[in-house]
Every structure is written in C-alpha cells, then in structure tokens.
$ cat start.txt   # compact mmCIF, C-alpha atoms
# COMPACT_ATOMS: atom_id res chain seq x y z
CA MET A 1 14.63 -12.30 -17.10
CA ASP A 2 14.69 -8.64 -18.13
CA PRO A 3 17.99 -6.99 -17.03
CA LEU A 4 16.01 -4.18 -15.43
CA TRP A 5 14.88 -6.54 -12.68
CA THR A 6 18.22 -8.18 -11.88
CA GLN A 7 20.67 -5.29 -11.38
CA ASP A 8 22.51 -4.59 -8.14
CA HIS A 9 23.48 -1.09 -9.27
CA TYR A 10 21.28 1.46 -11.02
CA ILE A 11 21.78 5.04 -12.05
CA ILE A 12 18.74 7.31 -12.12
CA ARG A 13 19.48 10.35 -14.27
CA LYS A 14 17.29 13.43 -14.61
CA LYS A 15 17.51 15.06 -18.01
CA ALA A 16 18.44 18.69 -17.38
CA LEU A 17 16.86 21.84 -18.76
CA ARG A 18 13.50 20.42 -19.79
CA VAL A 19 10.01 21.86 -19.31
CA VAL A 20 8.86 18.59 -17.70
CA ASP A 21 11.07 16.30 -15.64
CA GLN A 22 12.41 13.32 -17.56
CA TYR A 23 14.28 10.45 -15.93
CA TYR A 24 16.38 7.58 -17.23
CA ILE A 25 17.09 4.37 -15.37
CA GLU A 26 20.49 3.02 -16.44
CA ASP A 27 22.71 0.10 -15.51
CA ASP A 28 26.24 0.72 -14.23
CA SER A 29 27.66 0.76 -17.78
CA GLY A 30 25.29 3.60 -18.74
CA ARG A 31 22.94 1.46 -20.85
CA ARG A 32 19.40 2.83 -20.65
CA LEU A 33 16.94 0.36 -19.18
CA ALA A 34 13.86 2.55 -18.68
CA TYR A 35 12.47 6.05 -19.12
CA SER A 36 9.91 8.17 -17.28
CA LYS A 37 8.47 11.59 -17.93
CA GLN A 38 6.53 13.50 -15.30
CA LYS A 39 3.31 15.08 -16.51
CA PHE A 40 3.27 18.87 -16.56
CA TRP A 41 -0.32 19.54 -15.40
CA LYS A 42 -1.77 16.99 -13.05
CA ILE A 43 -4.35 16.75 -10.31
CA LYS A 44 -2.71 13.68 -8.82
CA GLU A 45 0.51 11.87 -9.67
CA ASP A 46 0.37 9.22 -12.38
CA ILE A 47 3.97 8.32 -13.18
CA ARG A 48 4.58 5.86 -16.02
CA VAL A 49 7.88 4.05 -16.54
CA TYR A 50 8.57 2.84 -20.09
CA THR A 51 11.29 0.87 -21.83
CA ASP A 52 12.45 3.99 -23.71
CA GLU A 53 11.56 7.51 -24.89
CA SER A 54 9.16 6.21 -27.55
CA MET A 55 6.83 5.38 -24.61
CA GLU A 56 5.39 2.43 -26.58
CA TYR A 57 5.87 -0.24 -23.93
CA GLU A 58 4.97 0.60 -20.33
CA LEU A 59 6.82 -1.39 -17.64
CA PHE A 60 5.16 -0.17 -14.45
CA ARG A 61 3.31 2.82 -13.08
CA ILE A 62 3.10 4.74 -9.84
CA MET A 63 -0.30 6.19 -9.06
CA GLN A 64 -1.29 8.53 -6.26
CA ALA A 65 -4.28 6.98 -4.51
CA GLN A 66 -6.20 10.17 -3.70
CA ILE A 67 -6.19 13.73 -4.96
CA ILE A 68 -5.94 15.33 -1.52
CA ASP A 69 -3.60 13.29 0.63
CA ALA A 70 -0.77 15.10 2.44
CA TRP A 71 0.75 11.78 3.43
CA GLY A 72 0.62 10.60 -0.15
CA ARG A 73 -0.08 6.94 -0.80
CA PHE A 74 1.46 5.87 -4.10
CA ASP A 75 0.55 2.48 -5.56
CA VAL A 76 3.07 0.57 -7.71
CA ILE A 77 1.41 -1.42 -10.49
CA ASP A 78 2.82 -3.90 -13.01
CA SER A 79 1.55 -2.44 -16.28
CA TYR A 80 1.63 -5.63 -18.35
CA ASN A 81 -0.52 -7.69 -15.98
CA ASN A 82 -2.19 -4.77 -14.19
CA VAL A 83 -1.10 -6.30 -10.88
CA TYR A 84 -0.71 -4.30 -7.66
CA LEU A 85 2.88 -4.74 -6.36
CA GLY A 86 2.70 -2.62 -3.21
CA HIS A 87 2.69 1.02 -2.20
CA PHE A 88 4.67 3.83 -0.60
CA ARG A 89 3.38 6.28 1.97
CA ARG A 90 5.17 9.55 2.53
CA LYS A 91 5.85 10.50 6.16
CA ALA A 92 4.64 14.05 5.49
CA LEU A 93 5.52 15.89 8.71
CA ARG A 94 8.92 14.28 9.05
CA SER A 95 9.69 14.81 5.35
CA ALA A 96 8.62 18.45 5.48
CA PHE A 97 10.59 19.47 8.56
CA ILE A 98 13.30 16.94 9.42
CA SER A 99 14.35 14.46 6.72
CA ASP A 100 12.76 12.64 3.79
CA GLU A 101 11.10 9.35 4.72
CA TRP A 102 8.72 6.96 2.96
CA GLU A 103 7.23 3.73 4.27
CA MET A 104 6.99 0.68 1.96
CA TYR A 105 4.16 -1.83 1.95
CA ASP A 106 3.95 -5.12 0.07
CA HIS A 107 1.17 -6.36 -2.24
CA ASN A 108 -0.82 -7.47 0.84
CA ASP A 109 -0.50 -3.95 2.35
CA ARG A 110 1.84 -5.19 5.10
CA PHE A 111 4.61 -2.85 6.23
CA MET A 112 7.94 -4.14 4.96
CA GLY A 113 10.41 -1.29 5.28
CA ARG A 114 11.25 2.29 4.52
CA LEU A 115 13.30 4.66 2.42
CA ALA A 116 14.81 7.27 4.71
CA GLU A 117 17.43 9.96 4.89
CA GLY A 118 19.57 10.31 8.00
CA THR A 119 18.12 12.85 10.46
CA GLY A 120 21.18 15.08 10.84
CA ARG A 121 21.97 15.28 7.14
CA GLY A 122 18.29 15.70 6.24
CA LEU A 123 17.81 18.53 8.71
CA LEU A 124 20.93 20.29 7.45
CA ARG A 125 19.79 19.76 3.84
CA LYS A 126 16.47 21.49 4.63
CA PHE A 127 18.45 24.70 5.19
CA ILE A 128 21.29 24.19 2.70
CA ASN A 129 19.57 22.79 -0.35
CA ILE A 130 22.76 22.02 -2.30
CA ILE A 131 23.71 19.13 0.00
CA PRO A 132 23.13 15.85 -1.90
CA GLU A 133 20.68 13.32 -0.50
CA LYS A 134 21.82 10.01 0.97
CA ILE A 135 18.94 7.62 1.44
CA THR A 136 18.92 4.12 2.87
CA MET A 137 16.33 1.50 2.09
CA GLU A 138 15.62 -0.84 4.98
CA LEU A 139 13.72 -4.11 4.92
CA ASP A 140 12.69 -5.55 8.27
CA GLY A 141 14.90 -2.98 10.01
CA ARG A 142 18.14 -3.79 8.17
CA PRO A 143 19.74 -1.66 5.43
CA VAL A 144 19.74 -3.31 1.99
CA VAL A 145 20.10 -0.44 -0.50
CA GLN A 146 22.05 2.83 -0.47
CA ILE A 147 20.85 5.69 -2.70
CA ASP A 148 23.35 8.52 -3.15
CA GLN A 149 22.56 11.69 -5.03
CA GLN A 150 25.58 13.16 -6.79
CA PHE A 151 26.26 16.86 -6.39
CA LYS A 152 25.22 18.64 -9.61
CA VAL A 153 24.30 22.22 -10.31
CA VAL A 154 21.98 21.26 -13.19
CA GLY A 155 20.11 17.95 -13.36
CA ASP A 156 20.25 15.14 -10.83
CA ILE A 157 21.92 11.74 -10.70
CA TRP A 158 21.23 9.06 -8.10
CA ASP A 159 23.46 6.00 -7.62
CA VAL A 160 21.45 3.06 -6.33
CA HIS A 161 23.54 0.26 -4.77
CA CYS A 162 21.81 -2.96 -3.71
CA TYR A 163 23.97 -4.86 -1.23
CA GLY A 164 21.56 -6.96 0.77
CA LEU A 165 18.34 -6.92 -1.22
CA PRO A 166 16.73 -10.40 -1.23
CA PRO A 167 16.63 -11.89 -4.75
CA GLU A 168 12.83 -12.29 -4.55
CA PHE A 169 12.32 -8.56 -3.81
CA ASP A 170 10.70 -6.93 -6.85
CA ARG A 171 13.17 -4.35 -8.18
CA ARG A 172 10.25 -2.43 -9.72
CA VAL A 173 9.18 -1.50 -6.19
CA LEU A 174 12.71 -0.30 -5.42
CA LEU A 175 12.90 1.73 -8.64
CA ALA A 176 9.41 3.15 -8.04
CA GLY A 177 10.58 4.37 -4.63
CA VAL A 178 13.67 6.05 -6.08
CA VAL A 179 11.67 7.66 -8.89
CA LEU A 180 9.15 8.91 -6.32
CA MET A 181 11.90 10.38 -4.15
CA ALA A 182 13.45 11.99 -7.22
CA MET A 183 10.23 13.48 -8.59
CA ILE A 184 8.14 14.25 -5.52
CA GLU A 185 10.71 15.30 -2.94
CA ARG A 186 12.70 17.39 -5.43
CA GLN A 187 9.48 19.21 -6.41
CA ARG A 188 8.90 20.20 -2.79
CA LYS A 189 12.32 21.75 -2.37

$ encode --input "start.txt" --output "structure tokens"
Amino acid sequence: MDPLWTQDHYIIRKKALRVVDQYYIEDDSGRRLAYSKQKFWKIKEDIRVYTDESMEYELFRIMQAQIIDAWGRFDVIDSYNNVYLGHFRRKALRSAFISDEWEMYDHNDRFMGRLAEGTGRGLLRKFINIIPEKITMELDGRPVVQIDQQFKVVGDIWDVHCYGLPPEFDRRVLLAGVVLMAMIERQRK
C-alpha cells in the first residue's frame, strides 16, 4: 500500500512567494508524498495532485462540478482508475460570514461528515485574519481528524492529525478536503 494512504499525520505545506499556489503533502518526517499546483487562470477549479513536482503521475484530482456554484460542489476522483470517490460541498453563507465549513459525501452521494472550524474562533478570524485556522473533521458526528494551521507570516503549513479515522476511510478524500480548504478558503480571505 502506498504510504500516502496509510498515514495518521500529514503536513500540508504551501510553497511561499510563488505566482501560483503550490502545495506539498508530507509525512511527519518531512518526506514529500505528493504535490499540487493551483492553476493561475481558471473558469472552474480543477486541482490535480501528483506524486511530485515533475507532474508525471497523477494520484487524484478535485474538480468543481459547475462554473457558477456559490456553494461549490467539488468531486474527488481517483486519477488512475477514473473512479469517483465522493465530493465536498462548501457551506457558502456560513463560510463567508461565520466560520469555514464543508460537508463531505461518499461515492454514493450520501452525507458522511464535515470539515468545520469552531464558530467562535472562525468568527474572530474573519476580523483578525492572522489567527490560524483549527478545523475538525467529523464522521457520523464524531471528531476523527484535527487540522491545525501554523502561524506563519509567509506561506502556510497545516498539521493534519488522524486520531479516530476508520482504516477503510479513503485518505485521498481527507487530503482533498484539506487541499480544498487550503486553496479555496485562503483565496477568499
């Protein structure tokens, strides 16, 4: 099994001072497991995650379903088999005014959980943008992953700690959610 899919701790690192956003997915020893680069000009999001910067082997992709969609449905697709793994839907009004929140759906389009920031912290962060994000992933109403953004003046780093994630849960869906939060929510700030 590829080590990317079996980790209980990931680090998502944004490469600083670049024209387009570039992200690395690393294990807790700093070994790079994957790479993603956000496109500069786009009509709708099409985020590709590769094994490395050569972008020769694509692992999975995140595709925005429609061009005009304030709530933003983002499908997660296994690139090798072209298999739909599930999707995320942004809670647009809540994310815009209170705190960041995304719903998660499985490959059968059944609601399975959410990625959400605490209300108080999220509301405060809307006014004081330097406060790092703290996001919890819940499955069936119970927390299973903690995502903590480190305070940085330039660049971003997110620590992703899985502490109750079922072994059968596809880590690509988790990583897609974190990459989405990193790219999409940070753009809106």

$ atom_distance --input "start.txt" --atom1 "CA of Ile135 in chain A" --atom2 "CA of Tyr80 in chain A"
29.4 Å

$ closest_residue --input "start.txt" --among "A:Asp159, A:Asp78, A:Glu133, A:Glu168" --to "His9 in chain A" --atoms "only C-alpha atoms"
A:Asp159

$ closest_residue --input "start.txt" --among "A:Asp109, A:Glu58, A:Asp156, A:Glu103" --to "Lys91 in chain A" --atoms "all atoms listed in the file"
A:Glu103

$ atom_distance --input "start.txt" --atom1 "CA of Pro132 in chain A" --atom2 "CA of Phe88 in chain A"
22.1 Å

$ residues_around --input "start.txt" --residues "Ala176 in chain A" --least-positions-apart "6" --cutoff "10 Å" --atoms "all atoms listed in the file" --output "ChimeraX atom specification"
/A:47-49,60-62,74-77,87-88,182

$ residues_around --input "start.txt" --residues "Arg32 in chain A" --least-positions-apart "6" --cutoff "9 Å" --atoms "all atoms listed in the file" --output "PyMOL selection string"
chain A and resi 24-26+51-52

$ closest_residue --input "start.txt" --among "A:Val20, A:Asp27, A:Arg90, A:Glu53" --to "Lys39 in chain A" --atoms "only C-alpha atoms"
A:Val20

$ closest_residue --input "start.txt" --among "A:Arg73, A:Arg31, A:Arg114, A:Arg142" --to "Val178 in chain A" --atoms "all atoms listed in the file"
A:Arg114

$ residues_around --input "start.txt" --residues "Met183 in chain A" --least-positions-apart "4" --cutoff "10 Å" --atoms "all atoms listed in the file" --output "list of chain:residue names"
A:Lys14, A:Asp21, A:Gln22, A:Tyr23, A:Lys37, A:Gln38, A:Glu45, A:Ile47, A:Gly177, A:Val178, A:Val179, A:Gln187, A:Arg188

$ atom_distance --input "start.txt" --atom1 "CA of Leu180 in chain A" --atom2 "CA of Glu138 in chain A"
16.3 Å

$ closest_residue --input "start.txt" --among "A:Lys15, A:Asp148, A:Ser29, A:Gln66" --to "Asp46 in chain A" --atoms "only C-alpha atoms"
A:Gln66

$ closest_residue --input "start.txt" --among "A:Tyr57, A:Asp2, A:Ile184, A:Val173" --to "Tyr84 in chain A" --atoms "all atoms listed in the file"
A:Val173

$ residues_near_point --input "start.txt" --point "(18.0, -1.1, 2.4)" --cutoff "7 Å" --atoms "all atoms listed in the file" --output "PyMOL selection string"
chain A and resi 136-139+142-146+165

$ write_last_selection --input "start.txt" --atoms "C-alpha atoms" --output "tab-separated table (two decimals), in the frame of the given file"
chain	number	residue	atom	x	y	z
A	136	THR	CA	18.92	4.12	2.87
A	137	MET	CA	16.33	1.50	2.09
A	138	GLU	CA	15.62	-0.84	4.98
A	139	LEU	CA	13.72	-4.11	4.92
A	142	ARG	CA	18.14	-3.79	8.17
A	143	PRO	CA	19.74	-1.66	5.43
A	144	VAL	CA	19.74	-3.31	1.99
A	145	VAL	CA	20.10	-0.44	-0.50
A	146	GLN	CA	22.05	2.83	-0.47
A	165	LEU	CA	18.34	-6.92	-1.22

$ axis_aligned_box --input "start.txt" --around "range 4-16 of chain A" --padding-each-side "6 Å" --output "JSON"
{"center_x": 19.2, "center_y": 5.3, "center_z": -13.1, "size_x": 20.6, "size_y": 38.9, "size_z": 21.9}

$ build_atoms --input "start.txt" --residues "range 166-177 of chain A" --atoms "N, CA and C atoms" --output "PDB file, in the coordinates of the input"
ATOM      1  N   PRO A 166      17.049  -8.992  -0.924  1.00  0.00           N
ATOM      2  CA  PRO A 166      16.730 -10.400  -1.230  1.00  0.00           C
ATOM      3  C   PRO A 166      16.418 -10.572  -2.710  1.00  0.00           C
ATOM      4  N   PRO A 167      16.848 -11.678  -3.315  1.00  0.00           N
ATOM      5  CA  PRO A 167      16.630 -11.890  -4.750  1.00  0.00           C
ATOM      6  C   PRO A 167      15.148 -11.871  -5.142  1.00  0.00           C
ATOM      7  N   GLU A 168      14.265 -12.256  -4.222  1.00  0.00           N
ATOM      8  CA  GLU A 168      12.830 -12.290  -4.550  1.00  0.00           C
ATOM      9  C   GLU A 168      12.171 -10.915  -4.453  1.00  0.00           C
ATOM     10  N   PHE A 169      12.898  -9.904  -3.923  1.00  0.00           N
ATOM     11  CA  PHE A 169      12.320  -8.560  -3.810  1.00  0.00           C
ATOM     12  C   PHE A 169      12.178  -7.969  -5.210  1.00  0.00           C
ATOM     13  N   ASP A 170      10.999  -7.472  -5.521  1.00  0.00           N
ATOM     14  CA  ASP A 170      10.700  -6.930  -6.850  1.00  0.00           C
ATOM     15  C   ASP A 170      11.410  -5.588  -7.034  1.00  0.00           C
ATOM     16  N   ARG A 171      12.377  -5.561  -7.945  1.00  0.00           N
ATOM     17  CA  ARG A 171      13.170  -4.350  -8.180  1.00  0.00           C
ATOM     18  C   ARG A 171      12.305  -3.194  -8.695  1.00  0.00           C
ATOM     19  N   ARG A 172      11.145  -3.503  -9.277  1.00  0.00           N
ATOM     20  CA  ARG A 172      10.250  -2.430  -9.720  1.00  0.00           C
ATOM     21  C   ARG A 172       9.787  -1.602  -8.534  1.00  0.00           C
ATOM     22  N   VAL A 173       9.586  -2.234  -7.398  1.00  0.00           N
ATOM     23  CA  VAL A 173       9.180  -1.500  -6.190  1.00  0.00           C
ATOM     24  C   VAL A 173      10.324  -0.597  -5.744  1.00  0.00           C
ATOM     25  N   LEU A 174      11.538  -1.124  -5.751  1.00  0.00           N
ATOM     26  CA  LEU A 174      12.710  -0.300  -5.420  1.00  0.00           C
ATOM     27  C   LEU A 174      12.814   0.898  -6.350  1.00  0.00           C
ATOM     28  N   LEU A 175      12.760   0.648  -7.653  1.00  0.00           N
ATOM     29  CA  LEU A 175      12.900   1.730  -8.640  1.00  0.00           C
ATOM     30  C   LEU A 175      11.750   2.731  -8.535  1.00  0.00           C
ATOM     31  N   ALA A 176      10.552   2.248  -8.247  1.00  0.00           N
ATOM     32  CA  ALA A 176       9.410   3.150  -8.040  1.00  0.00           C
ATOM     33  C   ALA A 176       9.694   4.085  -6.866  1.00  0.00           C
ATOM     34  N   GLY A 177      10.253   3.543  -5.792  1.00  0.00           N
ATOM     35  CA  GLY A 177      10.580   4.370  -4.630  1.00  0.00           C
ATOM     36  C   GLY A 177      11.615   5.433  -4.945  1.00  0.00           C
TER      37      GLY A 177
END
